[in-house]
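upload.tsv follows; it contains TSV, C-alpha atoms.
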```tsv
chain	number	residue	atom	x	y	z
J	1	MET	CA	11.66	13.61	3.33
J	2	ALA	CA	12.08	10.99	0.65
J	3	ASP	CA	13.91	8.67	3.04
J	4	SER	CA	11.42	7.03	5.40
J	5	LYS	CA	13.79	4.92	7.50
J	6	PRO	CA	13.49	5.37	11.29
J	7	GLU	CA	17.00	6.75	11.60
J	8	ALA	CA	16.19	9.44	9.01
J	9	TRP	CA	13.15	10.56	11.02
J	10	ASP	CA	15.18	10.50	14.24
J	11	ALA	CA	17.77	12.76	12.60
J	12	HIS	CA	14.98	15.03	11.32
J	13	TYR	CA	13.49	15.57	14.77
J	14	ALA	CA	16.86	15.67	16.57
J	15	GLY	CA	17.91	18.46	14.22
J	16	GLY	CA	14.88	20.54	15.12
J	17	GLY	CA	12.82	19.51	12.09
J	18	ARG	CA	9.10	20.23	12.34
J	19	PHE	CA	6.00	19.96	10.19
J	20	ARG	CA	3.07	22.24	9.50
J	21	PRO	CA	1.25	23.02	12.79
J	22	LEU	CA	-2.32	21.85	13.25
J	23	GLY	CA	-4.47	24.60	11.77
J	24	ASP	CA	-7.76	26.15	12.86
J	25	ALA	CA	-9.60	24.62	9.88
J	26	GLU	CA	-8.35	21.14	10.81
J	27	ARG	CA	-9.43	21.62	14.43
J	28	ARG	CA	-12.87	22.80	13.36
J	29	LEU	CA	-13.39	19.99	10.83
J	30	LEU	CA	-12.25	17.29	13.25
J	31	ALA	CA	-14.59	18.57	15.95
J	32	GLN	CA	-17.47	18.72	13.46
J	33	HIS	CA	-17.06	15.42	11.62
J	34	VAL	CA	-15.32	13.03	14.05
J	35	PRO	CA	-16.40	14.13	17.55
J	36	ALA	CA	-15.52	11.80	20.41
J	37	PRO	CA	-18.27	9.39	21.43
J	38	ALA	CA	-18.63	8.41	25.08
J	39	GLY	CA	-15.58	6.37	25.99
J	40	GLY	CA	-14.10	7.03	22.54
J	41	LEU	CA	-10.73	5.52	21.62
J	42	ALA	CA	-8.46	7.03	18.95
J	43	LEU	CA	-5.29	5.77	17.28
J	44	ASP	CA	-2.99	8.47	15.89
J	45	VAL	CA	-0.59	6.87	13.40
J	46	GLY	CA	2.67	8.70	12.70
J	47	CYS	CA	1.99	11.01	15.62
J	48	GLY	CA	5.36	12.80	15.45
J	49	LEU	CA	5.55	15.35	18.26
J	50	GLY	CA	2.00	14.57	19.38
J	51	GLU	CA	0.14	17.77	18.48
J	52	LEU	CA	-2.86	15.99	16.93
J	53	ALA	CA	-2.90	13.33	19.66
J	54	ARG	CA	-3.11	16.03	22.34
J	55	ARG	CA	-5.90	17.77	20.44
J	56	LEU	CA	-7.91	14.54	20.22
J	57	ALA	CA	-7.39	13.90	23.93
J	58	GLY	CA	-8.62	17.39	24.68
J	59	SER	CA	-11.79	16.70	22.69
J	60	GLY	CA	-12.65	13.62	24.74
J	61	TYR	CA	-10.79	10.68	23.15
J	62	ARG	CA	-8.39	8.36	24.93
J	63	VAL	CA	-5.53	8.29	22.44
J	64	ASP	CA	-2.89	5.71	21.54
J	65	ALA	CA	-0.25	7.68	19.62
J	66	VAL	CA	2.32	5.67	17.63
J	67	ASP	CA	5.38	6.60	15.62
J	68	TRP	CA	8.60	4.86	14.61
J	69	SER	CA	10.84	7.75	15.67
J	70	ALA	CA	12.04	7.32	19.24
J	71	VAL	CA	13.30	10.92	19.22
J	72	ALA	CA	9.85	12.28	18.31
J	73	LEU	CA	8.13	10.16	20.95
J	74	THR	CA	10.55	11.26	23.66
J	75	GLU	CA	9.88	14.89	22.87
J	76	ALA	CA	6.12	14.34	22.58
J	77	GLY	CA	6.07	12.66	25.98
J	78	ARG	CA	7.48	15.75	27.66
J	79	ALA	CA	4.05	17.34	27.37
J	80	ASP	CA	2.25	15.80	30.33
J	81	VAL	CA	-1.25	15.40	28.88
J	82	THR	CA	-3.90	13.14	30.37
J	83	GLY	CA	-5.43	10.68	27.94
J	84	VAL	CA	-2.48	10.10	25.57
J	85	THR	CA	-0.30	6.97	25.57
J	86	TYR	CA	2.78	7.02	23.31
J	87	ARG	CA	4.27	3.86	21.83
J	88	ARG	CA	7.00	3.17	19.29
J	89	LEU	CA	5.52	1.16	16.41
J	90	ASP	CA	6.25	0.78	12.70
J	91	ILE	CA	2.83	0.64	11.08
J	92	GLU	CA	4.19	-1.26	8.05
J	93	ARG	CA	6.44	-3.83	9.69
J	94	ASP	CA	5.28	-4.40	13.26
J	95	ASP	CA	2.40	-6.58	14.43
J	96	LEU	CA	-0.64	-4.39	15.08
J	97	GLY	CA	-1.53	-6.87	17.80
J	98	GLU	CA	1.01	-4.91	19.86
J	99	LEU	CA	-1.41	-1.97	20.01
J	100	PRO	CA	-2.93	-1.35	23.45
J	101	HIS	CA	-6.49	-1.81	22.16
J	102	PRO	CA	-7.95	-4.16	19.52
J	103	ALA	CA	-10.16	-1.52	17.87
J	104	TYR	CA	-10.76	2.23	17.76
J	105	ASP	CA	-13.53	4.71	17.08
J	106	LEU	CA	-11.13	6.95	15.16
J	107	ILE	CA	-7.83	6.30	13.40
J	108	THR	CA	-5.92	9.34	12.17
J	109	MET	CA	-2.85	9.86	10.00
J	110	ARG	CA	-1.79	13.44	9.46
J	111	LEU	CA	0.82	14.38	6.80
J	112	GLY	CA	2.08	10.80	6.71
J	113	TRP	CA	0.20	8.71	4.16
J	114	ALA	CA	2.52	9.67	1.29
J	115	PHE	CA	5.43	8.12	3.23
J	116	VAL	CA	3.73	4.68	3.50
J	117	HIS	CA	5.13	2.25	0.93
J	118	ASP	CA	2.68	-0.70	1.15
J	119	ARG	CA	-0.41	1.47	1.32
J	120	THR	CA	-2.99	-1.12	0.29
J	121	ARG	CA	-1.87	-3.64	2.89
J	122	VAL	CA	-1.63	-1.01	5.65
J	123	LEU	CA	-5.06	0.32	4.75
J	124	ASN	CA	-6.57	-3.16	4.99
J	125	ARG	CA	-5.00	-3.70	8.41
J	126	LEU	CA	-6.28	-0.33	9.66
J	127	ARG	CA	-9.80	-1.17	8.46
J	128	GLU	CA	-9.69	-4.21	10.71
J	129	ARG	CA	-8.91	-1.98	13.71
J	130	LEU	CA	-12.04	0.19	13.43
J	131	ARG	CA	-14.98	-0.26	15.75
J	132	PRO	CA	-18.43	-0.40	14.11
J	133	GLY	CA	-19.29	3.12	13.05
J	134	GLY	CA	-15.66	4.21	13.38
J	135	ALA	CA	-13.79	6.46	10.96
J	136	LEU	CA	-10.37	6.67	9.36
J	137	CYS	CA	-9.23	10.28	8.91
J	138	VAL	CA	-6.30	11.05	6.61
J	139	ILE	CA	-5.00	14.62	6.38
J	140	THR	CA	-2.65	15.15	3.44
J	141	PRO	CA	-1.16	17.71	1.09
J	142	THR	CA	-2.30	17.25	-2.51
J	143	ALA	CA	-0.01	17.11	-5.52
J	144	ASP	CA	-1.56	20.15	-7.19
J	145	ALA	CA	-0.87	22.31	-4.13
J	146	VAL	CA	2.85	21.62	-3.65
J	147	PRO	CA	5.92	22.42	-5.77
J	148	GLU	CA	7.20	19.65	-8.03
J	149	ASP	CA	10.22	19.08	-5.79
J	150	ARG	CA	7.83	18.37	-2.87
J	151	ARG	CA	5.71	15.89	-4.79
J	152	GLY	CA	6.86	13.03	-2.56
J	153	VAL	CA	4.99	14.41	0.48
J	154	ALA	CA	1.62	14.70	-1.30
J	155	LEU	CA	-1.08	12.56	-2.91
J	156	ASP	CA	-2.47	13.06	-6.40
J	157	GLU	CA	-6.09	12.43	-7.33
J	158	GLU	CA	-5.45	8.86	-8.47
J	159	GLU	CA	-3.81	8.05	-5.14
J	160	ILE	CA	-6.71	9.61	-3.25
J	161	ALA	CA	-9.14	7.55	-5.34
J	162	MET	CA	-7.24	4.38	-4.36
J	163	LEU	CA	-7.37	5.40	-0.71
J	164	ARG	CA	-11.14	5.85	-0.78
J	165	ALA	CA	-11.86	2.59	-2.65
J	166	GLY	CA	-13.63	-0.02	-0.52
J	167	TRP	CA	-15.36	2.39	1.88
J	168	GLY	CA	-19.11	2.85	2.06
J	169	SER	CA	-18.80	6.50	3.07
J	170	TYR	CA	-16.25	9.07	1.92
J	171	GLU	CA	-16.09	12.76	2.79
J	172	ARG	CA	-13.48	15.28	1.66
J	173	TYR	CA	-12.93	18.73	3.10
J	174	ASP	CA	-10.46	21.54	2.44
J	175	ALA	CA	-8.40	22.45	5.50
J	176	ASP	CA	-6.53	25.56	4.39
J	177	GLY	CA	-4.99	23.77	1.41
J	178	LEU	CA	-4.79	20.30	2.96
J	179	ALA	CA	-7.27	17.56	2.03
J	180	LEU	CA	-9.02	16.16	5.12
J	181	LEU	CA	-10.51	12.78	4.19
J	182	VAL	CA	-13.01	10.93	6.39
J	183	LEU	CA	-13.60	7.28	5.50
J	184	ARG	CA	-16.28	5.12	7.14
J	185	ASP	CA	-18.04	1.78	6.69
J	186	PRO	CA	-15.27	-0.50	5.37
J	187	SER	CA	-16.90	-2.41	2.54
J	188	PRO	CA	-14.30	-4.06	0.29
J	189	ALA	CA	-15.67	-5.48	-2.94
J	190	ALA	CA	-17.28	-8.90	-2.55
J	191	ARG	CA	-15.48	-10.08	-5.66
J	192	PRO	CA	-12.16	-9.00	-7.16
J	193	ALA	CA	-12.12	-7.11	-10.45
J	194	TYR	CA	-9.93	-8.07	-13.40
J	195	ALA	CA	-8.79	-5.75	-16.17
J	196	GLY	CA	-8.73	-6.82	-19.78
J	197	GLU	CA	-5.58	-7.16	-21.82
J	198	GLY	CA	-4.50	-4.90	-24.64
J	199	ARG	CA	-3.64	-6.28	-28.05
J	200	PRO	CA	-0.11	-7.77	-27.95
J	201	SER	CA	2.34	-7.14	-30.74
J	202	PRO	CA	2.64	-10.24	-33.00
J	203	HIS	CA	6.14	-11.10	-31.72
J	204	ALA	CA	5.14	-10.80	-28.05
J	205	LEU	CA	3.55	-14.22	-27.64
J	206	THR	CA	5.49	-15.60	-24.69
J	207	GLY	CA	6.61	-14.23	-21.37
J	208	ALA	CA	6.82	-14.78	-17.63
J	209	GLY	CA	4.92	-13.50	-14.62
J	210	VAL	CA	6.91	-13.49	-11.38
J	211	VAL	CA	5.38	-14.30	-8.01
J	212	VAL	CA	8.01	-12.97	-5.60
J	213	THR	CA	7.42	-13.18	-1.85
J	214	GLU	CA	9.36	-11.77	1.09
J	215	ALA	CA	10.10	-13.43	4.44
J	216	ALA	CA	6.60	-12.84	5.84
J	217	GLY	CA	4.99	-14.40	2.74
J	218	ARG	CA	3.74	-11.13	1.24
J	219	VAL	CA	3.62	-10.89	-2.54
J	220	LEU	CA	4.90	-7.97	-4.62
J	221	LEU	CA	2.52	-6.11	-6.95
J	222	GLY	CA	3.02	-2.93	-8.94
J	223	TRP	CA	0.45	-0.17	-9.40
J	224	SER	CA	0.61	0.35	-13.15
J	225	VAL	CA	0.14	3.51	-15.21
J	226	ARG	CA	-2.68	1.54	-16.87
J	227	GLY	CA	-4.62	1.65	-13.59
J	228	VAL	CA	-4.22	-2.02	-12.65
J	229	TRP	CA	-2.22	-4.05	-10.14
J	230	GLU	CA	0.23	-6.43	-11.77
J	231	LEU	CA	3.13	-8.76	-11.07
J	232	PRO	CA	6.66	-8.13	-12.26
J	233	GLY	CA	7.38	-9.88	-15.54
J	234	GLY	CA	7.54	-9.52	-19.29
J	235	LYS	CA	8.58	-10.98	-22.60
J	236	ASN	CA	11.32	-13.50	-23.24
J	237	ASP	CA	14.38	-12.35	-25.11
J	238	ALA	CA	15.54	-14.53	-27.99
J	239	ASP	CA	16.71	-17.98	-26.76
J	240	GLU	CA	15.92	-17.02	-23.15
J	241	ASP	CA	14.15	-19.58	-20.96
J	242	PHE	CA	11.25	-18.64	-18.71
J	243	ALA	CA	13.20	-18.66	-15.42
J	244	ALA	CA	15.94	-16.46	-16.87
J	245	ALA	CA	13.36	-14.09	-18.35
J	246	ALA	CA	11.56	-13.86	-15.02
J	247	VAL	CA	14.72	-13.03	-13.07
J	248	ARG	CA	15.90	-10.51	-15.67
J	249	GLU	CA	12.53	-8.74	-15.78
J	250	LEU	CA	12.35	-8.75	-11.98
J	251	GLU	CA	15.65	-6.92	-11.73
J	252	GLU	CA	14.89	-4.53	-14.60
J	253	GLU	CA	11.51	-3.56	-13.15
J	254	THR	CA	12.16	-3.60	-9.39
J	255	SER	CA	15.98	-3.82	-8.89
J	256	LEU	CA	15.50	-7.08	-6.92
J	257	LYS	CA	18.17	-9.65	-7.80
J	258	ALA	CA	17.55	-13.40	-7.86
J	259	ASP	CA	19.32	-16.51	-9.11
J	260	PRO	CA	17.67	-18.06	-12.19
J	261	ALA	CA	18.65	-21.48	-10.86
J	262	ALA	CA	16.43	-20.89	-7.83
J	263	ALA	CA	13.46	-19.54	-9.80
J	264	GLN	CA	10.78	-22.21	-10.09
J	265	VAL	CA	8.51	-22.46	-13.13
J	266	ARG	CA	5.20	-23.59	-11.61
J	267	ALA	CA	2.90	-23.68	-14.64
J	268	ILE	CA	2.46	-22.69	-18.28
J	269	LEU	CA	-0.69	-20.72	-19.02
J	270	MET	CA	-2.25	-20.11	-22.43
J	271	ASN	CA	-5.11	-17.90	-23.51
J	272	CYS	CA	-6.07	-16.00	-26.63
J	273	VAL	CA	-5.93	-12.20	-26.99
J	274	HIS	CA	-7.44	-10.69	-30.15
J	275	GLY	CA	-6.86	-13.96	-31.99
J	276	ILE	CA	-3.23	-14.28	-30.90
J	277	PRO	CA	-2.26	-17.05	-28.46
J	278	ARG	CA	-0.46	-15.75	-25.38
J	279	VAL	CA	1.73	-18.15	-23.41
J	280	THR	CA	2.78	-17.11	-19.90
J	281	ALA	CA	5.01	-18.97	-17.49
J	282	ALA	CA	4.13	-18.67	-13.81
J	283	VAL	CA	7.49	-18.34	-12.05
J	284	ARG	CA	7.98	-18.45	-8.28
J	285	VAL	CA	10.85	-16.55	-6.60
J	286	THR	CA	11.37	-16.70	-2.83
J	287	ALA	CA	15.05	-15.75	-2.51
J	288	PHE	CA	16.33	-12.36	-3.62
J	289	THR	CA	18.41	-9.41	-2.52
J	290	GLY	CA	17.58	-5.73	-2.45
J	291	GLU	CA	14.46	-3.63	-1.90
J	292	PRO	CA	11.79	-2.88	-4.54
J	293	VAL	CA	12.48	0.32	-6.46
J	294	VAL	CA	10.48	1.88	-9.29
J	295	THR	CA	12.99	1.71	-12.14
J	296	GLU	CA	10.50	2.21	-14.99
J	297	PRO	CA	8.22	5.09	-13.91
J	298	ARG	CA	6.71	5.25	-17.39
J	299	LEU	CA	5.14	1.84	-16.62
J	300	ILE	CA	4.80	1.52	-12.83
J	301	HIS	CA	3.89	4.13	-10.21
J	302	ARG	CA	5.04	2.09	-7.22
J	303	TRP	CA	5.61	-1.41	-5.84
J	304	GLU	CA	3.82	-2.69	-2.74
J	305	TRP	CA	3.98	-5.90	-0.68
J	306	HIS	CA	0.51	-7.41	-0.22
J	307	GLU	CA	-0.90	-10.04	2.13
J	308	VAL	CA	-2.14	-13.03	0.12
J	309	ASP	CA	-5.55	-12.90	1.83
J	310	ASP	CA	-5.90	-9.29	0.64
J	311	LEU	CA	-5.64	-10.16	-3.05
J	312	PRO	CA	-9.43	-10.23	-3.57
J	313	LEU	CA	-9.70	-6.88	-1.73
J	314	LEU	CA	-7.37	-4.62	-3.70
J	315	GLY	CA	-10.03	-2.04	-4.51
J	316	ARG	CA	-8.72	-1.68	-8.06
J	317	PRO	CA	-8.50	-4.24	-10.89
J	318	LEU	CA	-5.85	-6.93	-11.04
J	319	PHE	CA	-4.24	-7.49	-14.45
J	320	THR	CA	-5.80	-10.72	-15.74
J	321	PRO	CA	-2.54	-12.53	-16.69
J	322	SER	CA	-1.14	-11.67	-13.25
J	323	ALA	CA	-4.29	-13.03	-11.61
J	324	HIS	CA	-3.89	-16.32	-13.49
J	325	VAL	CA	-0.25	-16.57	-12.40
J	326	LEU	CA	-1.16	-15.86	-8.77
J	327	ASP	CA	-3.81	-18.58	-8.96
J	328	THR	CA	-1.15	-21.17	-9.76
J	329	VAL	CA	0.54	-20.46	-6.41
J	330	TRP	CA	-2.57	-19.86	-4.28
J	331	PRO	CA	-5.45	-21.72	-6.00
J	332	GLY	CA	-8.89	-20.44	-5.11
J	333	VAL	CA	-7.81	-17.17	-3.50
J	334	LEU	CA	-9.09	-15.23	-6.54
J	335	PRO	CA	-12.65	-16.25	-7.45
J	336	GLY	CA	-14.30	-15.69	-10.81
J	337	LEU	CA	-11.19	-15.79	-12.99
J	338	PRO	CA	-11.67	-15.84	-16.77
J	339	PRO	CA	-10.85	-19.22	-18.36
J	340	VAL	CA	-7.27	-20.12	-19.20
J	341	HIS	CA	-5.46	-23.28	-20.32
J	342	ARG	CA	-3.20	-24.34	-17.48
J	343	TYR	CA	-0.36	-26.84	-17.69
J	344	ARG	CA	1.30	-27.44	-14.34
J	345	VAL	CA	5.01	-28.16	-14.25
J	346	ALA	CA	6.02	-31.00	-11.96
J	347	GLU	CA	8.13	-29.81	-9.04
J	348	SER	CA	11.63	-31.26	-8.91
```

Could I get this file's structure written as structure tokens?
Amino acid sequence: MADSKPEAWDAHYAGGGRFRPLGDAERRLLAQHVPAPAGGLALDVGCGLGELARRLAGSGYRVDAVDWSAVALTEAGRADVTGVTYRRLDIERDDLGELPHPAYDLITMRLGWAFVHDRTRVLNRLRERLRPGGALCVITPTADAVPEDRRGVALDEEEIAMLRAGWGSYERYDADGLALLVLRDPSPAARPAYAGEGRPSPHALTGAGVVVTEAAGRVLLGWSVRGVWELPGGKNDADEDFAAAAVRELEEETSLKADPAAAQVRAILMNCVHGIPRVTAAVRVTAFTGEPVVTEPRLIHRWEWHEVDDLPLLGRPLFTPSAHVLDTVWPGVLPGLPPVHRYRVAES
């Protein structure tokens, strides 16, 4: 299912839609590698019809099972199983403080990670919900094992590498064609990493980086084909000012629409790349319409909303010009930045 809105999942389950049943290999691997400790608590995210939640309860866990489909939860609740509590919760948009328990020995997500849009932010929030010694277990199809038209339900090796970044322990097992990943010891990097810049073409000396935030204050970053996180933005067209360039590039790259008159140029940044001065305007956008869409897949794999406090904990490098632009809005959040000339623009 490419559409991951709650009503789409409700229609899926109401129409009799089902997913691959829990297999013998999964049951064996779960029992072997994440057995229930005494008094163990588990959180099953995207529980669907509750098959995994019931299995975990049968192995000794008390289970909080969450999903955003009310139809799935109603059907799951018909199985009267001791030790499972069902709750409607959107793991991306709802406050995880609404969970019945502050922390868990095991957090599972089966066949659902590919449907999460803001994966880095969700992963950071789930880390915070693990008890010491706890584990996150993700069970997923892999891109090389599904037809091309089913690619949206699976993870490729780069996506799996991003998932495992920032964990002290990582185990991977084959569960009859599914990858069963066990992640322990959350250990995000102490310092953020920055990726160097390629040589710009001689005419590409000026451009804009766009810091766009949504209502909750989260900032939009794209996972680039170059293997770095970066802001929307790009070069000025001829006779185009920085605010207009920022808004145009934002729409071209993400489909988000903003008014150039409301885009605020916060600073002008200058550094040198291979002997060529690069001038970048840091532009702030807080009002827009639409939802982020990957419009240039040759450049960007996906767009994600990130918490500002998570910026040093991305697990993969942040494009250096984007890091400098972010630093103009949230000074000090990103330590160890390379030097840059910074000229702040007075706010009107």

Residue among J:Val210, J:Leu30, J:Ala165, J:Leu178 lying closest to Cys137 of chain J, counting only C-alpha atoms = J:Leu30

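With distances restricted to all atoms listed in the file, J:Leu106 is the closest residue to Val63 of chain J from J:Leu106, J:Leu49, J:Ala244, J:Val333.
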
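The space separating atom CA of Pro339 of chain J from atom CA of Gly222 of chain J comes to 23.4 Å.
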
ask   = In terms of the shortest atom-to-atom distance over only C-alpha atoms, which of J:Thr142, J:Thr108, J:Thr289, J:Asn271 is closest to Ala175 of chain J?
value = J:Thr142

query = Which distance in Å separates atom CA of Val182 of chain J and atom CA of Leu136 of chain J, to one decimal?
reply = 5.8 Å

query = Hey, can you pull every residue with an atom no more than 8 Å from (8.0, 14.3, 19.2), using only C-alpha atoms, and send it as a VMD selection string?
reply = chain J and resid 13 47 to 50 69 71 to 77

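Excluding Leu180 of chain J and any residue on its chain fewer than 3 positions from it, the residues at most 6 Å away by all atoms listed in the file are Val138, Ile139, Arg172 and Tyr173 of chain J.
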
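The nearest approach to Ala145 of chain J among the residues J:Asp310, J:Asp80, J:Glu158, J:Asp174, with all atoms listed in the file taken into account, belongs to J:Asp174.
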
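With only C-alpha atoms taken into account, every residue lying no more than 8 Å from the file point (-18.4, -1.6, 6.8) is included here: Pro132, Gly133, Trp167, Gly168, Arg184, Asp185, Pro186 and Ser187 of chain J.
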
Could you write those residues out with C-alpha atoms, as a CSV table (one decimal), in the coordinates of the input?
```csv
chain,number,residue,atom,x,y,z
J,132,PRO,CA,-18.4,-0.4,14.1
J,133,GLY,CA,-19.3,3.1,13.0
J,167,TRP,CA,-15.4,2.4,1.9
J,168,GLY,CA,-19.1,2.8,2.1
J,184,ARG,CA,-16.3,5.1,7.1
J,185,ASP,CA,-18.0,1.8,6.7
J,186,PRO,CA,-15.3,-0.5,5.4
J,187,SER,CA,-16.9,-2.4,2.5
```

Quick one: residues within 6 Å of segment 85-102 of chain J, only C-alpha atoms, excluding same-chain residues fewer than 6 positions away - as a PDB file with C-alpha atoms, keeping the file's coordinate frame?
```pdb
ATOM      1  CA  ASP J  64      -2.890   5.710  21.540  1.00  0.00           C
ATOM      2  CA  ALA J  65      -0.250   7.680  19.620  1.00  0.00           C
ATOM      3  CA  VAL J  66       2.320   5.670  17.630  1.00  0.00           C
ATOM      4  CA  ASP J  67       5.380   6.600  15.620  1.00  0.00           C
ATOM      5  CA  TRP J  68       8.600   4.860  14.610  1.00  0.00           C
TER       6      TRP J  68
END
```

key: Nearest to Ala287 of chain J, chosen from J:Glu249, J:Glu304, J:Glu214, J:Asp239, with all atoms listed in the file counted in the distances   = J:Glu214

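If you count all atoms listed in the file and ignore residues fewer than 4 places along the chain from Ala261 of chain J, what sits within 12 Å of it is Asp241, Phe242, Ala243, Ala244, Ala245, Ala246, Val247, Val265, Val283, Arg284, Val285, Thr286, Ala287 and Phe288 of chain J.
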